[in-house]
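Student: Following this line is input.cif, made up of mmCIF, C-alpha atoms:
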data_structure
loop_
_atom_site.label_atom_id
_atom_site.label_comp_id
_atom_site.auth_asym_id
_atom_site.auth_seq_id
_atom_site.Cartn_x
_atom_site.Cartn_y
_atom_site.Cartn_z
CA MET A 20 -15.96 4.25 65.39
CA SER A 21 -17.41 2.64 62.28
CA THR A 22 -16.03 5.25 59.84
CA VAL A 23 -12.51 4.72 58.52
CA ILE A 24 -10.80 7.27 56.29
CA ARG A 25 -7.84 6.14 54.21
CA PRO A 26 -5.87 7.37 51.18
CA ALA A 27 -7.19 6.00 47.89
CA THR A 28 -5.11 3.48 45.98
CA ARG A 29 -5.07 2.60 42.28
CA ALA A 30 -7.62 -0.17 43.02
CA ASP A 31 -10.13 2.48 44.12
CA VAL A 32 -10.29 4.18 40.71
CA PRO A 33 -13.66 2.62 39.66
CA GLN A 34 -15.11 3.67 43.04
CA ILE A 35 -13.70 7.20 42.69
CA LEU A 36 -15.38 7.51 39.29
CA ASP A 37 -18.67 6.32 40.82
CA PHE A 38 -18.39 9.01 43.50
CA ILE A 39 -17.60 11.67 40.88
CA ARG A 40 -20.73 10.65 38.94
CA GLY A 41 -22.80 10.66 42.14
CA LEU A 42 -21.66 14.19 42.96
CA ALA A 43 -22.40 15.40 39.41
CA LEU A 44 -25.94 14.05 39.79
CA TYR A 45 -26.31 15.96 43.09
CA GLU A 46 -25.02 19.09 41.34
CA ARG A 47 -27.74 18.63 38.70
CA GLU A 48 -25.23 17.87 35.95
CA PRO A 49 -25.53 14.09 35.54
CA ASP A 50 -24.22 14.08 31.95
CA ALA A 51 -21.20 16.29 32.58
CA VAL A 52 -18.78 13.50 33.54
CA THR A 53 -16.65 12.31 30.63
CA ALA A 54 -13.66 11.22 32.76
CA THR A 55 -12.66 7.58 32.39
CA GLU A 56 -10.96 5.16 34.77
CA ALA A 57 -7.85 5.41 32.58
CA ASP A 58 -7.81 9.20 33.02
CA LEU A 59 -8.07 8.99 36.80
CA GLU A 60 -5.44 6.28 37.02
CA ARG A 61 -2.97 8.16 34.83
CA ASP A 62 -3.37 11.50 36.63
CA GLY A 63 -3.66 10.37 40.25
CA PHE A 64 -1.41 7.36 40.61
CA GLY A 65 1.73 8.09 38.61
CA PRO A 66 5.04 9.38 39.96
CA ASN A 67 3.90 13.02 39.90
CA PRO A 68 0.15 13.00 40.65
CA PHE A 69 -2.15 15.88 39.71
CA TYR A 70 -4.56 15.03 42.53
CA PHE A 71 -4.99 13.10 45.80
CA CYS A 72 -8.00 11.27 47.15
CA LEU A 73 -9.33 9.98 50.47
CA ILE A 74 -11.95 7.23 50.75
CA ALA A 75 -14.35 7.01 53.69
CA GLU A 76 -15.58 3.53 54.54
CA TYR A 77 -18.51 2.94 56.86
CA GLU A 78 -18.47 -0.53 58.37
CA GLY A 79 -16.17 -1.59 55.55
CA VAL A 80 -18.32 -0.19 52.71
CA PRO A 81 -17.17 2.80 50.59
CA ALA A 82 -19.41 5.67 51.64
CA GLY A 83 -17.76 8.88 50.42
CA PHE A 84 -14.63 10.58 49.17
CA ALA A 85 -12.57 13.75 49.24
CA PHE A 86 -10.61 14.78 46.15
CA TYR A 87 -7.94 17.47 46.48
CA PHE A 88 -4.80 19.03 45.02
CA PHE A 89 -2.48 21.90 45.83
CA ASN A 90 -2.85 25.47 44.65
CA TYR A 91 -0.44 28.29 45.56
CA SER A 92 -0.70 31.56 47.46
CA THR A 93 1.63 34.16 45.97
CA TRP A 94 0.91 36.42 48.95
CA LEU A 95 1.89 33.83 51.55
CA GLY A 96 4.54 32.02 49.50
CA ARG A 97 3.10 28.60 50.33
CA PRO A 98 1.01 25.93 48.65
CA GLY A 99 -2.60 25.80 49.76
CA LEU A 100 -4.87 22.80 49.81
CA TYR A 101 -7.76 22.96 47.35
CA LEU A 102 -10.66 20.58 47.97
CA GLU A 103 -12.22 19.91 44.58
CA ASP A 104 -14.84 17.34 45.62
CA LEU A 105 -16.36 16.15 48.90
CA PHE A 106 -19.20 13.68 48.60
CA VAL A 107 -21.06 11.14 50.73
CA LEU A 108 -23.50 8.68 49.16
CA PRO A 109 -27.14 9.51 50.05
CA GLU A 110 -27.61 6.29 52.04
CA PHE A 111 -24.70 7.20 54.34
CA ARG A 112 -25.66 10.78 55.16
CA GLY A 113 -26.28 12.00 58.68
CA LEU A 114 -23.52 9.81 60.10
CA GLY A 115 -20.83 12.51 60.29
CA ILE A 116 -18.87 11.07 57.37
CA GLY A 117 -18.68 14.35 55.42
CA LYS A 118 -17.41 16.17 58.48
CA ALA A 119 -14.86 13.42 59.17
CA LEU A 120 -13.56 13.71 55.59
CA LEU A 121 -13.32 17.49 55.87
CA GLN A 122 -11.49 17.19 59.19
CA ARG A 123 -8.99 14.78 57.70
CA VAL A 124 -8.41 17.12 54.74
CA ALA A 125 -7.86 19.99 57.20
CA ALA A 126 -5.36 17.86 59.13
CA ILE A 127 -3.46 17.13 55.90
CA ALA A 128 -3.40 20.88 55.14
CA VAL A 129 -1.91 21.58 58.57
CA GLU A 130 0.62 18.73 58.26
CA LYS A 131 1.75 20.06 54.85
CA ARG A 132 2.00 23.59 56.29
CA CYS A 133 -0.69 24.90 53.93
CA PRO A 134 -1.98 28.17 55.41
CA ARG A 135 -5.29 27.85 53.55
CA LEU A 136 -7.87 25.19 52.86
CA GLN A 137 -10.16 26.32 50.07
CA TRP A 138 -13.14 24.98 48.14
CA GLU A 139 -16.31 26.11 46.36
CA VAL A 140 -19.98 25.73 47.19
CA LEU A 141 -23.03 26.20 44.99
CA ASP A 142 -24.93 29.33 46.04
CA TRP A 143 -28.22 27.39 46.45
CA ASN A 144 -26.67 24.86 48.84
CA THR A 145 -27.83 26.63 52.00
CA PRO A 146 -27.27 23.75 54.47
CA ALA A 147 -23.64 23.45 53.37
CA ILE A 148 -23.13 27.22 53.49
CA GLU A 149 -24.48 27.41 57.04
CA PHE A 150 -22.30 24.46 58.07
CA TYR A 151 -19.18 26.15 56.65
CA LYS A 152 -20.04 29.47 58.31
CA ALA A 153 -20.42 27.75 61.66
CA MET A 154 -16.91 26.35 61.36
CA GLY A 155 -15.42 29.80 60.77
CA ALA A 156 -15.02 29.72 56.98
CA GLU A 157 -14.74 32.96 55.00
CA PHE A 158 -16.62 33.53 51.73
CA LEU A 159 -14.55 35.32 49.09
CA ASP A 160 -17.52 36.89 47.35
CA GLU A 161 -15.54 39.81 45.89
CA TRP A 162 -13.96 37.40 43.41
CA ARG A 163 -15.63 36.03 40.28
CA ASN A 164 -14.50 32.77 38.71
CA VAL A 165 -13.68 33.05 35.02
CA ARG A 166 -13.16 30.17 32.63
CA VAL A 167 -12.17 29.81 28.98
CA THR A 168 -12.75 26.50 27.19
CA ASP A 169 -13.19 24.95 23.74
CA THR A 170 -13.19 27.34 20.78
CA ALA A 171 -12.58 30.43 22.94
CA LEU A 172 -9.48 28.75 24.42
CA LEU A 173 -8.12 27.75 21.02
CA GLN A 174 -8.79 31.23 19.70
CA LEU A 175 -7.03 32.87 22.64
CA ALA A 176 -4.12 30.51 22.13
CA GLY A 177 -3.91 31.60 18.48
CA MET A 178 -4.57 28.02 17.38
CA GLU A 179 -8.06 28.31 16.00
CA THR A 180 -8.28 26.80 12.55
CA ALA A 181 -10.81 27.82 9.91
CA GLN A 182 -13.57 25.21 9.75
CA MET R 27 7.98 42.90 18.21
CA SER R 28 9.40 44.50 21.31
CA THR R 29 7.62 42.18 23.78
CA VAL R 30 9.31 38.88 24.58
CA ILE R 31 7.67 36.28 26.83
CA ARG R 32 9.85 33.61 28.39
CA PRO R 33 9.64 31.07 31.24
CA ALA R 34 10.98 32.44 34.52
CA THR R 35 14.23 31.04 35.89
CA ARG R 36 15.56 30.91 39.44
CA ALA R 37 17.37 34.21 38.79
CA ASP R 38 13.99 35.92 38.27
CA VAL R 39 12.76 35.23 41.82
CA PRO R 40 13.41 38.79 43.14
CA GLN R 41 11.58 40.17 40.11
CA ILE R 42 8.66 37.75 40.60
CA LEU R 43 8.32 38.93 44.20
CA ASP R 44 8.32 42.56 42.99
CA PHE R 45 5.50 41.73 40.57
CA ILE R 46 3.54 39.95 43.33
CA ARG R 47 3.87 43.04 45.52
CA GLY R 48 2.85 45.32 42.65
CA LEU R 49 -0.27 43.26 42.03
CA ALA R 50 -1.18 43.26 45.75
CA LEU R 51 -0.95 47.06 45.70
CA TYR R 52 -3.28 47.16 42.68
CA GLU R 53 -5.69 44.84 44.53
CA ARG R 54 -5.68 47.30 47.47
CA GLU R 55 -3.89 44.87 49.79
CA PRO R 56 -0.33 46.26 49.85
CA ASP R 57 0.54 44.68 53.22
CA ALA R 58 -0.78 41.20 52.44
CA VAL R 59 2.42 39.83 50.89
CA THR R 60 4.54 37.89 53.38
CA ALA R 61 6.13 35.57 50.78
CA THR R 62 9.94 35.67 50.67
CA GLU R 63 12.42 35.01 47.87
CA ALA R 64 13.35 31.78 49.65
CA ASP R 65 9.69 30.64 49.57
CA LEU R 66 9.33 31.32 45.86
CA GLU R 67 12.63 29.65 45.04
CA ARG R 68 11.83 26.53 47.07
CA ASP R 69 8.32 26.09 45.65
CA GLY R 70 8.85 27.06 42.02
CA PHE R 71 12.30 25.85 41.08
CA GLY R 72 12.77 22.46 42.71
CA PRO R 73 12.31 19.04 41.08
CA ASN R 74 8.53 19.04 41.63
CA PRO R 75 7.38 22.67 41.38
CA PHE R 76 4.12 23.91 42.87
CA TYR R 77 3.87 26.71 40.31
CA PHE R 78 5.15 28.01 36.98
CA CYS R 79 5.84 31.55 35.86
CA LEU R 80 6.26 33.51 32.63
CA ILE R 81 8.09 36.84 32.43
CA ALA R 82 7.22 39.48 29.81
CA GLU R 83 10.07 41.78 28.80
CA TYR R 84 9.49 44.95 26.85
CA GLU R 85 12.60 46.09 25.00
CA GLY R 86 14.63 43.96 27.37
CA VAL R 87 13.06 45.31 30.59
CA PRO R 88 10.83 43.12 32.82
CA ALA R 89 7.32 44.49 32.35
CA GLY R 90 4.91 41.84 33.66
CA PHE R 91 4.35 38.25 34.63
CA ALA R 92 1.91 35.35 34.61
CA PHE R 93 1.91 32.89 37.51
CA TYR R 94 0.07 29.58 37.10
CA PHE R 95 -0.33 26.00 38.28
CA PHE R 96 -2.51 23.01 37.46
CA ASN R 97 -5.86 22.19 39.02
CA TYR R 98 -7.95 19.14 38.08
CA SER R 99 -11.37 18.59 36.54
CA THR R 100 -12.99 15.46 37.96
CA TRP R 101 -15.73 15.75 35.32
CA LEU R 102 -13.32 15.85 32.39
CA GLY R 103 -10.58 13.68 33.89
CA ARG R 104 -7.84 16.13 32.92
CA PRO R 105 -5.69 18.76 34.61
CA GLY R 106 -6.77 22.33 33.97
CA LEU R 107 -4.57 25.39 33.94
CA TYR R 108 -5.22 27.86 36.74
CA LEU R 109 -3.88 31.37 36.27
CA GLU R 110 -3.23 32.73 39.75
CA ASP R 111 -1.68 36.09 38.82
CA LEU R 112 -1.40 38.19 35.67
CA PHE R 113 0.17 41.60 36.08
CA VAL R 114 1.77 44.32 33.99
CA LEU R 115 3.61 47.22 35.61
CA PRO R 116 1.67 50.52 35.28
CA GLU R 117 4.33 52.13 33.07
CA PHE R 118 4.01 49.31 30.51
CA ARG R 119 0.23 49.21 30.18
CA GLY R 120 -1.56 49.78 26.88
CA LEU R 121 1.13 47.96 24.92
CA GLY R 122 -0.70 44.62 24.65
CA ILE R 123 1.62 42.90 27.15
CA GLY R 124 -1.21 41.54 29.35
CA LYS R 125 -2.95 40.09 26.35
CA ALA R 126 0.29 38.56 25.07
CA LEU R 127 0.85 36.90 28.47
CA LEU R 128 -2.71 35.57 28.52
CA GLN R 129 -2.34 34.25 24.98
CA ARG R 130 0.87 32.45 25.91
CA VAL R 131 -0.81 30.91 28.97
CA ALA R 132 -3.70 29.75 26.75
CA ALA R 133 -1.21 28.21 24.31
CA ILE R 134 0.44 26.32 27.19
CA ALA R 135 -3.00 25.06 28.30
CA VAL R 136 -3.68 23.76 24.78
CA GLU R 137 -0.21 22.19 24.49
CA LYS R 138 -0.71 20.41 27.82
CA ARG R 139 -4.19 19.24 26.73
CA CYS R 140 -5.90 21.18 29.51
CA PRO R 141 -9.56 21.59 28.54
CA ARG R 142 -9.95 24.65 30.77
CA LEU R 143 -8.08 27.82 31.53
CA GLN R 144 -9.44 29.39 34.69
CA TRP R 145 -8.77 32.43 36.85
CA GLU R 146 -10.51 34.94 39.13
CA VAL R 147 -11.30 38.61 38.75
CA LEU R 148 -12.33 41.17 41.37
CA ASP R 149 -15.97 42.15 40.87
CA TRP R 150 -15.12 45.88 40.72
CA ASN R 151 -12.58 45.39 37.91
CA THR R 152 -15.01 46.26 35.11
CA PRO R 153 -12.43 46.83 32.34
CA ALA R 154 -10.97 43.35 32.92
CA ILE R 155 -14.44 41.76 33.09
CA GLU R 156 -15.44 43.34 29.77
CA PHE R 157 -12.17 42.24 28.21
CA TYR R 158 -12.70 38.64 29.34
CA LYS R 159 -16.32 38.61 28.13
CA ALA R 160 -15.22 39.82 24.71
CA MET R 161 -12.85 36.86 24.42
CA GLY R 162 -15.64 34.35 25.14
CA ALA R 163 -14.95 33.65 28.82
CA GLU R 164 -17.71 32.24 31.05
CA PHE R 165 -18.36 33.54 34.59
CA LEU R 166 -19.13 30.78 37.09
CA ASP R 167 -21.23 32.97 39.34
CA GLU R 168 -23.24 30.10 40.81
CA TRP R 169 -20.17 29.07 42.81
CA ARG R 170 -18.96 30.78 45.99
CA ASN R 171 -15.33 30.50 47.08
CA VAL R 172 -14.90 29.30 50.64
CA ARG R 173 -11.69 29.43 52.66
CA VAL R 174 -10.60 28.24 56.10
CA THR R 175 -7.40 29.60 57.63
CA ASP R 176 -5.59 30.16 60.93
CA THR R 177 -7.48 29.16 64.09
CA ALA R 178 -10.53 27.87 62.18
CA LEU R 179 -8.24 25.56 60.16
CA LEU R 180 -6.46 24.24 63.25
CA GLN R 181 -9.79 23.72 64.97
CA LEU R 182 -11.22 21.84 61.98
CA ALA R 183 -8.07 19.71 61.90
CA GLY R 184 -8.59 18.87 65.58
CA MET R 185 -5.22 20.46 66.38
CA GLU R 186 -6.30 23.54 68.25
CA THR R 187 -4.49 23.83 71.53
CA ALA R 188 -5.82 25.65 74.57
CA GLN R 189 -4.05 29.01 74.87
#
Once more with this new file: its structure as structure tokens, please.

Tutor:
Amino acid sequence: MSTVIRPATRADVPQILDFIRGLALYEREPDAVTATEADLERDGFGPNPFYFCLIAEYEGVPAGFAFYFFNYSTWLGRPGLYLEDLFVLPEFRGLGIGKALLQRVAAIAVEKRCPRLQWEVLDWNTPAIEFYKAMGAEFLDEWRNVRVTDTALLQLAGMETAQ
Amino acid sequence: MSTVIRPATRADVPQILDFIRGLALYEREPDAVTATEADLERDGFGPNPFYFCLIAEYEGVPAGFAFYFFNYSTWLGRPGLYLEDLFVLPEFRGLGIGKALLQRVAAIAVEKRCPRLQWEVLDWNTPAIEFYKAMGAEFLDEWRNVRVTDTALLQLAGMETAQ
């Protein structure tokens, strides 16, 4: 098989950032990425990493990545595996690389005894949604994602300063 | 002020499990909690914890909790703070304890330089939704949460065995 999936190393950080930018472009947010190589190196390759990453190579060329970390189920009393990003470069699509990455992530979840593998999909991404349904995924549509950032976060924290 | 918020210790594990069960009851899933005290102790109070917890005490009595961990923003290149559970016992509601817990969580996010504080809310929980809107929260309704568990997870991992 010409696809090889391996854990990312520190030397892959520039490639990881390229994949992140490629995915942001696909998600119609090309200017949203402010992460730097230094950020990704500090947070993913220290003694206590905040994230983990797999690289897919097709005939020796980096073709895609999976970026994940652990969340926690209070109901089950176990960490779960949360897949933040899964991306294959346009020129490598249709070769089963995305599915191979997802399968490897699922295998890691099982190895780590995570009862759940979770991720998010944009509601207009119909091909992905159909693909996930076919593999037996559930959609947790009763839940809404809420986020506080910037001024609202500082205000909530009681740290807003008069400007 | 009669409300004190403090980090949970190992001795709080039975109380944390009581809060988790209380929240599951509120979410109309009273039988969903299979977590044990041993699970919560192992995962929250070892050298490399999967989660963190705050306890709110009202006049010295445990009244509520906040349960959180760190996710990661690939766009911003920083960990974010993910609030998994926030719960106040029914007999202590209306005293500002939930808000005090949320404010403390926001302050921790700011201290840890997390650009985002994120959580989920059930779509029928209108009072909570209005409360979050009033504090400047965004709702990421373009994203659907997807989850794979049990047989579907084993199958995806290529580990399903014939039964």

Student: Using only C-alpha atoms, I'd like a table of the residues in chain R that come within 7 Å of chain A; for each, show the closest atom pair and its distance in Å rounded to one decimal, ordered by chain and ascending number, as CSV.

Tutor:
residue,atom,partner,partner_atom,distance
R:Ile46,CA,A:Thr93,CA,6.6
R:Ala58,CA,A:Trp94,CA,6.2
R:Val59,CA,A:Trp94,CA,4.2
R:Thr60,CA,A:Leu95,CA,5.2
R:Ala61,CA,A:Gly96,CA,4.1
R:Thr62,CA,A:Gly96,CA,6.6
R:Asp65,CA,A:Gly96,CA,5.3
R:Leu66,CA,A:Gly96,CA,6.1
R:Phe76,CA,A:Pro98,CA,6.9
R:Tyr77,CA,A:Tyr91,CA,7.0
R:Phe95,CA,A:Asn90,CA,6.9
R:Asn97,CA,A:Phe88,CA,6.9
R:Tyr98,CA,A:Phe69,CA,6.9
R:Thr100,CA,A:Ile39,CA,6.6
R:Trp101,CA,A:Val52,CA,4.2
R:Leu102,CA,A:Ala54,CA,4.7
R:Gly103,CA,A:Ala54,CA,4.1
R:Arg104,CA,A:Asp58,CA,6.9
R:Pro105,CA,A:Phe69,CA,6.8
R:Gln129,CA,A:Ala176,CA,5.0
R:Arg130,CA,A:Ala176,CA,6.6
R:Ala132,CA,A:Ala176,CA,4.7
R:Ala133,CA,A:Ala176,CA,4.3
R:Pro141,CA,A:Thr168,CA,6.0
R:Arg142,CA,A:Thr168,CA,4.9
R:Leu143,CA,A:Val167,CA,5.2
R:Gln144,CA,A:Arg166,CA,4.3
R:Trp145,CA,A:Val165,CA,5.3
R:Glu146,CA,A:Asn164,CA,4.6
R:Val147,CA,A:Arg163,CA,5.3
R:Leu148,CA,A:Trp162,CA,4.6
R:Asp149,CA,A:Glu161,CA,5.6
R:Met161,CA,A:Ala171,CA,6.6
R:Gly162,CA,A:Ala171,CA,5.4
R:Ala163,CA,A:Val167,CA,4.7
R:Glu164,CA,A:Arg166,CA,5.2
R:Phe165,CA,A:Val165,CA,4.7
R:Leu166,CA,A:Asn164,CA,5.3
R:Asp167,CA,A:Arg163,CA,6.5
R:Glu168,CA,A:Asp142,CA,5.5
R:Trp169,CA,A:Leu141,CA,4.6
R:Arg170,CA,A:Val140,CA,5.3
R:Asn171,CA,A:Glu139,CA,4.6
R:Val172,CA,A:Phe158,CA,4.7
R:Arg173,CA,A:Gln137,CA,4.3
R:Val174,CA,A:Ala156,CA,4.7
R:Thr175,CA,A:Arg135,CA,4.9
R:Asp176,CA,A:Pro134,CA,6.9
R:Ala178,CA,A:Gly155,CA,5.4
R:Leu179,CA,A:Ala125,CA,6.3
R:Leu182,CA,A:Gln122,CA,5.4
R:Ala183,CA,A:Ala126,CA,4.3

Student: Could you check how far CA of Phe84 (chain A) sits from CA of Phe78 (chain R), in Å to one decimal?

Tutor: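 Atom-to-atom, CA of Phe84 (chain A) and CA of Phe78 (chain R) are spaced 29.0 Å apart.
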
Student: Hey, can you check how far CA of Leu108 (chain A) sits from CA of Thr28 (chain A)?

Tutor: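 Straight-line distance from CA of Leu108 (chain A) to CA of Thr28 (chain A) works out to 19.4 Å.
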
Student: Could you state the separation of CA of Arg36 (chain R) and CA of Gly65 (chain A) in Å, given to one decimal place?

Tutor: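 Calculated distance between CA of Arg36 (chain R) and CA of Gly65 (chain A) is 26.7 Å.
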
Student: Please return as a PyMOL selection string every residue within 10 Å of (13.1, 43.1, 23.0), taking into account only C-alpha atoms and the file's own coordinates.

Tutor: chain R and resi 27-31+82-87

Student: For region 49-65 of chain R, where the input has fewer atoms than it should, I would like N, CA, C and O atoms rebuilt and written as a PDB file, keeping the file's coordinate frame.

Tutor:
ATOM      1  N   LEU R  49       1.118  43.684  42.232  1.00  0.00           N
ATOM      2  CA  LEU R  49      -0.270  43.260  42.030  1.00  0.00           C
ATOM      3  C   LEU R  49      -1.079  43.412  43.321  1.00  0.00           C
ATOM      4  O   LEU R  49      -2.234  43.844  43.287  1.00  0.00           O
ATOM      5  N   ALA R  50      -0.477  43.105  44.463  1.00  0.00           N
ATOM      6  CA  ALA R  50      -1.180  43.260  45.750  1.00  0.00           C
ATOM      7  C   ALA R  50      -1.548  44.727  45.985  1.00  0.00           C
ATOM      8  O   ALA R  50      -2.624  45.043  46.499  1.00  0.00           O
ATOM      9  N   LEU R  51      -0.664  45.615  45.590  1.00  0.00           N
ATOM     10  CA  LEU R  51      -0.950  47.060  45.700  1.00  0.00           C
ATOM     11  C   LEU R  51      -2.152  47.413  44.831  1.00  0.00           C
ATOM     12  O   LEU R  51      -3.078  48.109  45.269  1.00  0.00           O
ATOM     13  N   TYR R  52      -2.162  46.905  43.596  1.00  0.00           N
ATOM     14  CA  TYR R  52      -3.280  47.160  42.680  1.00  0.00           C
ATOM     15  C   TYR R  52      -4.588  46.615  43.257  1.00  0.00           C
ATOM     16  O   TYR R  52      -5.656  47.202  43.087  1.00  0.00           O
ATOM     17  N   GLU R  53      -4.494  45.466  43.943  1.00  0.00           N
ATOM     18  CA  GLU R  53      -5.690  44.840  44.530  1.00  0.00           C
ATOM     19  C   GLU R  53      -6.039  45.444  45.896  1.00  0.00           C
ATOM     20  O   GLU R  53      -6.867  44.900  46.622  1.00  0.00           O
ATOM     21  N   ARG R  54      -5.384  46.534  46.237  1.00  0.00           N
ATOM     22  CA  ARG R  54      -5.680  47.300  47.470  1.00  0.00           C
ATOM     23  C   ARG R  54      -5.342  46.529  48.737  1.00  0.00           C
ATOM     24  O   ARG R  54      -5.989  46.668  49.762  1.00  0.00           O
ATOM     25  N   GLU R  55      -4.344  45.657  48.641  1.00  0.00           N
ATOM     26  CA  GLU R  55      -3.890  44.870  49.790  1.00  0.00           C
ATOM     27  C   GLU R  55      -2.364  44.934  49.884  1.00  0.00           C
ATOM     28  O   GLU R  55      -1.696  43.903  49.898  1.00  0.00           O
ATOM     29  N   PRO R  56      -1.793  46.144  49.955  1.00  0.00           N
ATOM     30  CA  PRO R  56      -0.330  46.260  49.850  1.00  0.00           C
ATOM     31  C   PRO R  56       0.437  45.535  50.953  1.00  0.00           C
ATOM     32  O   PRO R  56       1.596  45.188  50.755  1.00  0.00           O
ATOM     33  N   ASP R  57      -0.203  45.306  52.111  1.00  0.00           N
ATOM     34  CA  ASP R  57       0.540  44.680  53.220  1.00  0.00           C
ATOM     35  C   ASP R  57       0.307  43.173  53.309  1.00  0.00           C
ATOM     36  O   ASP R  57       0.750  42.531  54.259  1.00  0.00           O
ATOM     37  N   ALA R  58      -0.394  42.612  52.337  1.00  0.00           N
ATOM     38  CA  ALA R  58      -0.780  41.200  52.440  1.00  0.00           C
ATOM     39  C   ALA R  58       0.331  40.233  52.044  1.00  0.00           C
ATOM     40  O   ALA R  58       0.222  39.044  52.302  1.00  0.00           O
ATOM     41  N   VAL R  59       1.391  40.732  51.408  1.00  0.00           N
ATOM     42  CA  VAL R  59       2.420  39.830  50.890  1.00  0.00           C
ATOM     43  C   VAL R  59       3.471  39.544  51.960  1.00  0.00           C
ATOM     44  O   VAL R  59       4.228  40.439  52.352  1.00  0.00           O
ATOM     45  N   THR R  60       3.498  38.304  52.433  1.00  0.00           N
ATOM     46  CA  THR R  60       4.540  37.890  53.380  1.00  0.00           C
ATOM     47  C   THR R  60       5.494  36.890  52.740  1.00  0.00           C
ATOM     48  O   THR R  60       6.455  36.466  53.373  1.00  0.00           O
ATOM     49  N   ALA R  61       5.243  36.500  51.492  1.00  0.00           N
ATOM     50  CA  ALA R  61       6.130  35.570  50.780  1.00  0.00           C
ATOM     51  C   ALA R  61       7.547  36.144  50.714  1.00  0.00           C
ATOM     52  O   ALA R  61       7.728  37.363  50.612  1.00  0.00           O
ATOM     53  N   THR R  62       8.536  35.262  50.784  1.00  0.00           N
ATOM     54  CA  THR R  62       9.940  35.670  50.670  1.00  0.00           C
ATOM     55  C   THR R  62      10.547  35.085  49.385  1.00  0.00           C
ATOM     56  O   THR R  62       9.972  34.173  48.779  1.00  0.00           O
ATOM     57  N   GLU R  63      11.719  35.588  49.030  1.00  0.00           N
ATOM     58  CA  GLU R  63      12.420  35.010  47.870  1.00  0.00           C
ATOM     59  C   GLU R  63      12.718  33.536  48.109  1.00  0.00           C
ATOM     60  O   GLU R  63      12.602  32.716  47.198  1.00  0.00           O
ATOM     61  N   ALA R  64      13.058  33.185  49.336  1.00  0.00           N
ATOM     62  CA  ALA R  64      13.350  31.780  49.650  1.00  0.00           C
ATOM     63  C   ALA R  64      12.124  30.895  49.418  1.00  0.00           C
ATOM     64  O   ALA R  64      12.235  29.783  48.883  1.00  0.00           O
ATOM     65  N   ASP R  65      10.931  31.398  49.795  1.00  0.00           N
ATOM     66  CA  ASP R  65       9.690  30.640  49.570  1.00  0.00           C
ATOM     67  C   ASP R  65       9.498  30.378  48.074  1.00  0.00           C
ATOM     68  O   ASP R  65       9.205  29.254  47.656  1.00  0.00           O
TER      69      ASP R  65
END
